[in-house]
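The structure appears right after this line, and notes come after that.
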Amino acid sequence: MFQLLLATRNSHKTREFAQILGDEFALRDLTSAPGFGEIEETGATFEENAILKAVAASKHFAETVVGDDSGLEVDALKGAPGIFSARYAGAGATDADNVAKLLAELRAGNSNAVPPSARFRCALALARAGKVIGVFEGVVEGTIVSAPRGAEGFGYDPIFQPLGFDQTFAELSASEKNKISHRARAIRSLRTALISKL
Ligand code: ITT
């Protein structure tokens with residue numbers, strides 16, 4: 001059994017990790033460590049922020065730590081919201097606020113791209129005792145739909161339609177999303193690395 005600490009307080013991420021990694025892994029996240037402070041995300045890339053999260057938590061906890069930094073890049077918005085996905089509509093923004101802002105920005109930009117192309121990216125960093133021991137990335141390409149659809153998932157799932165599908169991520173079941181998502185792709189690489197050599 002592998003023990004992993006996820007350096008996140010986003011319970012949606014933790015649920016996806018648990019479903020994708022399966023029974024060989026015992027997971028906990030930072031919701032079980034309320035005294036551990038916020039990790040500042042000062043990096044310029046998903047990878048840098050994933051490393052900041054993993055390294056900071058691994059200095060305080062004995063387990064192998066995974067940091068996840070992820071978000072949505074929309075080509076017509078020059079890659080926004082990108083690393084600012086969680087706080088696109090401002091500090092304390094809800095998922096609905098962020099989705100509404102993104103759709104408003106696309107309308108304001110009068111994008112010629114119909115439908116607008118986009119991708120989710122997920123960077124994962126593994127760390128132990130303050131040192132990075134692996135970095136993994138996953139990407140899923142898709143388009144932004146004109147109005148939110150579906151109730152599954154979280155974040156921008158209701159407006160992201162992966163290439164080759166007629167449904168948004170929020171219309172797919174968790175197990176369908178977890179076969180093709182950016183996070184699933186990154187986690188599968190991390191899982192292989194952990195099982196084979198770490
Ligand atoms: P932690 O830093 O505690 O891990 P967070 O939610 O702030 O939690 P990020 O800084 O990595 O994490 O921001 C990720 C944001 O990107 C997330 O809040 C969503 O808005 C979006 N996002 C990432 N993965 C997503 C997914 O699978 N589906 C929908 N939106 C996603």
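If you're wondering about the labels, chains in the structure tokens are A, B, ... by order shown, residues count from 1 in each chain, ligands from 1 in order shown.
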Write out as a ChimeraX atom specification each polymer residue whose atoms come within 10 Å of stretch 172-189 of chain A, counting only C-alpha atoms; drop sequence neighbours fewer than 4 positions from it.
/A:13,15-17,19-21,66,68-71,119-125,135-141,150-153,157-158,161-162,165-168,193-194
Would you write out those residues with N, CA, C and O atoms, as a compact mmCIF listing (two decimals), in the first residue's frame?
```
# COMPACT_ATOMS: atom_id res chain seq x y z
N LYS A 13 -10.49 17.38 -6.52
CA LYS A 13 -9.24 16.77 -6.99
C LYS A 13 -8.98 15.46 -6.25
O LYS A 13 -8.62 14.45 -6.85
N ARG A 15 -11.00 13.40 -4.80
CA ARG A 15 -11.90 12.31 -5.23
C ARG A 15 -11.42 11.71 -6.55
O ARG A 15 -11.41 10.50 -6.74
N GLU A 16 -10.99 12.58 -7.47
CA GLU A 16 -10.52 12.06 -8.77
C GLU A 16 -9.24 11.23 -8.58
O GLU A 16 -9.10 10.15 -9.17
N PHE A 17 -8.32 11.69 -7.75
CA PHE A 17 -7.11 10.90 -7.46
C PHE A 17 -7.48 9.52 -6.92
O PHE A 17 -6.92 8.51 -7.33
N GLN A 19 -10.23 7.79 -7.27
CA GLN A 19 -10.86 6.92 -8.28
C GLN A 19 -9.82 6.43 -9.28
O GLN A 19 -9.87 5.28 -9.72
N ILE A 20 -8.89 7.30 -9.66
CA ILE A 20 -7.93 6.92 -10.71
C ILE A 20 -6.82 6.03 -10.16
O ILE A 20 -6.39 5.07 -10.80
N LEU A 21 -6.36 6.30 -8.93
CA LEU A 21 -5.23 5.51 -8.39
C LEU A 21 -5.67 4.13 -7.89
O LEU A 21 -4.90 3.18 -7.94
N VAL A 66 2.12 14.77 -3.22
CA VAL A 66 1.80 15.13 -4.60
C VAL A 66 1.19 16.53 -4.62
O VAL A 66 0.22 16.78 -3.90
N ASP A 68 -0.73 19.25 -7.13
CA ASP A 68 -1.48 19.32 -8.40
C ASP A 68 -1.73 20.79 -8.70
O ASP A 68 -2.35 21.48 -7.89
N ASP A 69 -1.25 21.27 -9.83
CA ASP A 69 -1.67 22.60 -10.29
C ASP A 69 -2.25 22.43 -11.69
O ASP A 69 -1.65 21.78 -12.54
N SER A 70 -3.42 22.98 -11.88
CA SER A 70 -4.16 22.67 -13.10
C SER A 70 -5.02 23.86 -13.50
O SER A 70 -5.21 24.79 -12.72
N GLY A 71 -5.53 23.81 -14.71
CA GLY A 71 -6.40 24.89 -15.17
C GLY A 71 -6.71 24.77 -16.64
O GLY A 71 -6.29 23.82 -17.32
N ARG A 119 -7.88 23.87 -23.79
CA ARG A 119 -7.36 22.61 -23.22
C ARG A 119 -7.25 22.75 -21.71
O ARG A 119 -7.01 23.85 -21.19
N PHE A 120 -7.46 21.63 -21.03
CA PHE A 120 -7.13 21.55 -19.61
C PHE A 120 -5.72 21.00 -19.47
O PHE A 120 -5.36 20.04 -20.18
N ARG A 121 -4.96 21.58 -18.56
CA ARG A 121 -3.63 21.08 -18.25
C ARG A 121 -3.55 20.73 -16.77
O ARG A 121 -4.11 21.46 -15.93
N CYS A 122 -2.81 19.68 -16.47
CA CYS A 122 -2.57 19.31 -15.07
C CYS A 122 -1.09 18.99 -14.92
O CYS A 122 -0.58 18.12 -15.63
N ALA A 123 -0.42 19.71 -14.01
CA ALA A 123 0.96 19.38 -13.67
C ALA A 123 0.95 18.77 -12.27
O ALA A 123 0.28 19.29 -11.37
N LEU A 124 1.65 17.65 -12.12
CA LEU A 124 1.78 17.01 -10.82
C LEU A 124 3.26 16.98 -10.44
O LEU A 124 4.11 16.67 -11.28
N ALA A 125 3.54 17.30 -9.18
CA ALA A 125 4.92 17.18 -8.68
C ALA A 125 4.90 16.23 -7.49
O ALA A 125 4.00 16.30 -6.65
N VAL A 135 8.06 14.93 -11.87
CA VAL A 135 7.07 15.89 -12.38
C VAL A 135 6.37 15.23 -13.57
O VAL A 135 7.02 14.59 -14.39
N PHE A 136 5.06 15.38 -13.64
CA PHE A 136 4.26 14.71 -14.66
C PHE A 136 3.25 15.71 -15.20
O PHE A 136 2.78 16.58 -14.46
N GLU A 137 2.87 15.56 -16.49
CA GLU A 137 1.86 16.47 -17.03
C GLU A 137 0.81 15.72 -17.83
O GLU A 137 1.11 14.67 -18.43
N GLY A 138 -0.39 16.23 -17.83
CA GLY A 138 -1.47 15.67 -18.66
C GLY A 138 -2.25 16.80 -19.29
O GLY A 138 -2.42 17.86 -18.68
N VAL A 139 -2.69 16.57 -20.53
CA VAL A 139 -3.44 17.59 -21.28
C VAL A 139 -4.63 16.92 -21.94
O VAL A 139 -4.53 15.77 -22.38
N VAL A 140 -5.76 17.63 -22.00
CA VAL A 140 -6.89 17.16 -22.80
C VAL A 140 -7.39 18.35 -23.63
O VAL A 140 -7.62 19.42 -23.10
N GLU A 141 -7.50 18.13 -24.94
CA GLU A 141 -7.94 19.19 -25.86
C GLU A 141 -9.46 19.17 -25.98
O GLU A 141 -10.09 18.11 -25.88
N GLY A 150 -24.67 20.31 -17.69
CA GLY A 150 -24.30 19.17 -16.86
C GLY A 150 -24.01 19.56 -15.43
O GLY A 150 -23.74 20.73 -15.12
N ALA A 151 -24.09 18.56 -14.54
CA ALA A 151 -23.99 18.81 -13.09
C ALA A 151 -22.86 18.03 -12.42
O ALA A 151 -22.66 18.13 -11.22
N GLU A 152 -22.12 17.22 -13.20
CA GLU A 152 -21.02 16.44 -12.60
C GLU A 152 -19.77 17.32 -12.52
O GLU A 152 -19.73 18.42 -13.06
N GLY A 153 -18.74 16.79 -11.85
CA GLY A 153 -17.43 17.44 -11.86
C GLY A 153 -17.40 18.74 -11.08
O GLY A 153 -18.13 18.92 -10.11
N ASP A 157 -15.84 22.39 -15.81
CA ASP A 157 -16.37 21.20 -16.48
C ASP A 157 -17.64 21.46 -17.28
O ASP A 157 -17.80 20.89 -18.37
N PRO A 158 -18.60 22.30 -16.79
CA PRO A 158 -19.86 22.47 -17.55
C PRO A 158 -19.69 23.17 -18.90
O PRO A 158 -20.61 23.14 -19.72
N GLN A 161 -15.98 20.83 -23.59
CA GLN A 161 -16.35 19.61 -24.33
C GLN A 161 -15.10 19.00 -24.91
O GLN A 161 -14.46 19.58 -25.80
N PRO A 162 -14.69 17.82 -24.40
CA PRO A 162 -13.46 17.22 -24.91
C PRO A 162 -13.61 16.80 -26.37
O PRO A 162 -14.71 16.40 -26.78
N PHE A 165 -16.20 14.12 -28.28
CA PHE A 165 -17.40 13.88 -27.45
C PHE A 165 -18.45 14.95 -27.74
O PHE A 165 -18.12 16.08 -28.11
N ASP A 166 -19.74 14.57 -27.57
CA ASP A 166 -20.83 15.54 -27.71
C ASP A 166 -21.21 16.12 -26.36
O ASP A 166 -21.99 17.06 -26.29
N GLN A 167 -20.69 15.53 -25.28
CA GLN A 167 -21.03 16.01 -23.93
C GLN A 167 -19.89 16.86 -23.37
O GLN A 167 -18.74 16.68 -23.74
N THR A 168 -20.28 17.75 -22.42
CA THR A 168 -19.25 18.45 -21.65
C THR A 168 -18.73 17.49 -20.58
O THR A 168 -19.35 16.45 -20.30
N ALA A 193 5.31 5.59 -12.44
CA ALA A 193 6.62 5.92 -11.85
C ALA A 193 6.68 5.41 -10.41
O ALA A 193 7.69 4.82 -10.00
N LEU A 194 5.61 5.61 -9.66
CA LEU A 194 5.63 5.19 -8.25
C LEU A 194 5.74 3.68 -8.13
O LEU A 194 6.51 3.17 -7.31
```
If you run DSSP on the backbone here, which positions in chain A get strand (DSSP E or B)? Please write them as a ChimeraX atom specification.
/A:2-6,25-29,64-74,81,117-128,131-144,160-162
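Among the candidates A:Thr45, A:Thr31, A:Ser85, A:Ser11, the residue lying nearest to ligand 1 is A:Ser85 (atoms considered: only C-alpha atoms and all ligand atoms).
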Taking only C-alpha atoms and all ligand atoms into account, which of A:Val132, A:Tyr156, A:Tyr88, A:Glu63 comes nearest ligand 1?
A:Tyr156
Within 8 Å of A:Pro116, counting only C-alpha atoms, which residues show up once you throw out same-chain ones fewer than 2 positions away? Write them as a PDB file with N, CA and C atoms, in the first residue's frame, please.
```
ATOM      1  N   VAL A  74      -7.655  28.924 -22.854  1.00  0.00           N
ATOM      2  CA  VAL A  74      -8.545  29.185 -23.989  1.00  0.00           C
ATOM      3  C   VAL A  74      -7.761  29.989 -25.023  1.00  0.00           C
ATOM      4  N   ASP A  75      -7.637  29.461 -26.237  1.00  0.00           N
ATOM      5  CA  ASP A  75      -6.778  30.106 -27.244  1.00  0.00           C
ATOM      6  C   ASP A  75      -7.250  31.518 -27.576  1.00  0.00           C
ATOM      7  N   ALA A  76      -8.569  31.712 -27.703  1.00  0.00           N
ATOM      8  CA  ALA A  76      -9.091  33.047 -28.071  1.00  0.00           C
ATOM      9  C   ALA A  76      -8.858  34.068 -26.953  1.00  0.00           C
ATOM     10  N   SER A 111     -14.901  36.413 -30.648  1.00  0.00           N
ATOM     11  CA  SER A 111     -13.977  35.448 -31.234  1.00  0.00           C
ATOM     12  C   SER A 111     -14.499  34.890 -32.557  1.00  0.00           C
ATOM     13  N   ALA A 113     -13.255  32.161 -33.721  1.00  0.00           N
ATOM     14  CA  ALA A 113     -13.165  30.707 -33.580  1.00  0.00           C
ATOM     15  C   ALA A 113     -14.504  30.184 -33.078  1.00  0.00           C
ATOM     16  N   VAL A 114     -15.165  29.372 -33.885  1.00  0.00           N
ATOM     17  CA  VAL A 114     -16.440  28.800 -33.459  1.00  0.00           C
ATOM     18  C   VAL A 114     -16.365  27.294 -33.616  1.00  0.00           C
ATOM     19  N   ALA A 118      -9.713  25.018 -26.699  1.00  0.00           N
ATOM     20  CA  ALA A 118      -9.201  25.144 -25.324  1.00  0.00           C
ATOM     21  C   ALA A 118      -8.592  23.820 -24.903  1.00  0.00           C
ATOM     22  N   THR A 143     -13.211  22.052 -26.703  1.00  0.00           N
ATOM     23  CA  THR A 143     -13.780  23.352 -27.086  1.00  0.00           C
ATOM     24  C   THR A 143     -14.658  23.869 -25.951  1.00  0.00           C
ATOM     25  N   ILE A 144     -14.913  25.185 -25.995  1.00  0.00           N
ATOM     26  CA  ILE A 144     -15.787  25.817 -24.997  1.00  0.00           C
ATOM     27  C   ILE A 144     -17.189  25.940 -25.598  1.00  0.00           C
ATOM     28  N   VAL A 145     -18.194  25.448 -24.870  1.00  0.00           N
ATOM     29  CA  VAL A 145     -19.579  25.536 -25.355  1.00  0.00           C
ATOM     30  C   VAL A 145     -20.165  26.885 -24.935  1.00  0.00           C
TER      31      VAL A 145
END
```
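Nearest residue to A:Phe154, choosing from A:Asn10, A:Ser58, A:Asn49, A:Asn110 and counting only C-alpha atoms: A:Asn10.
Counting from atom CA of A:Ala100, the distance to atom 1 (P, counted along the ligand's line) of ligand 1 is 20.9 Å.
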If DSSP is run on the backbone, what residues of stretch 70-174 of chain A are alpha helix (DSSP H)? A reply as a ChimeraX atom specification would be ideal.
/A:95-108,174
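Relative to atom CA of A:Ala147, atom 12 (O, counted along the ligand's line) of ligand 1 is found at 23.1 Å.
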What is the distance, in Å and to one decimal place, between atom CA of A:Val99 and atom CA of A:His12?
16.7 Å
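Among the candidates A:Gly164, A:Pro34, A:Gly82, A:Gly134, the one nearest to ligand 1 when counting only C-alpha atoms and all ligand atoms is A:Gly82.
Residue nearest ligand 1 within the list A:Arg191, A:Arg9, A:Arg149, A:Arg128: A:Arg9 [criterion: smallest interatomic distance, only C-alpha atoms and all ligand atoms].
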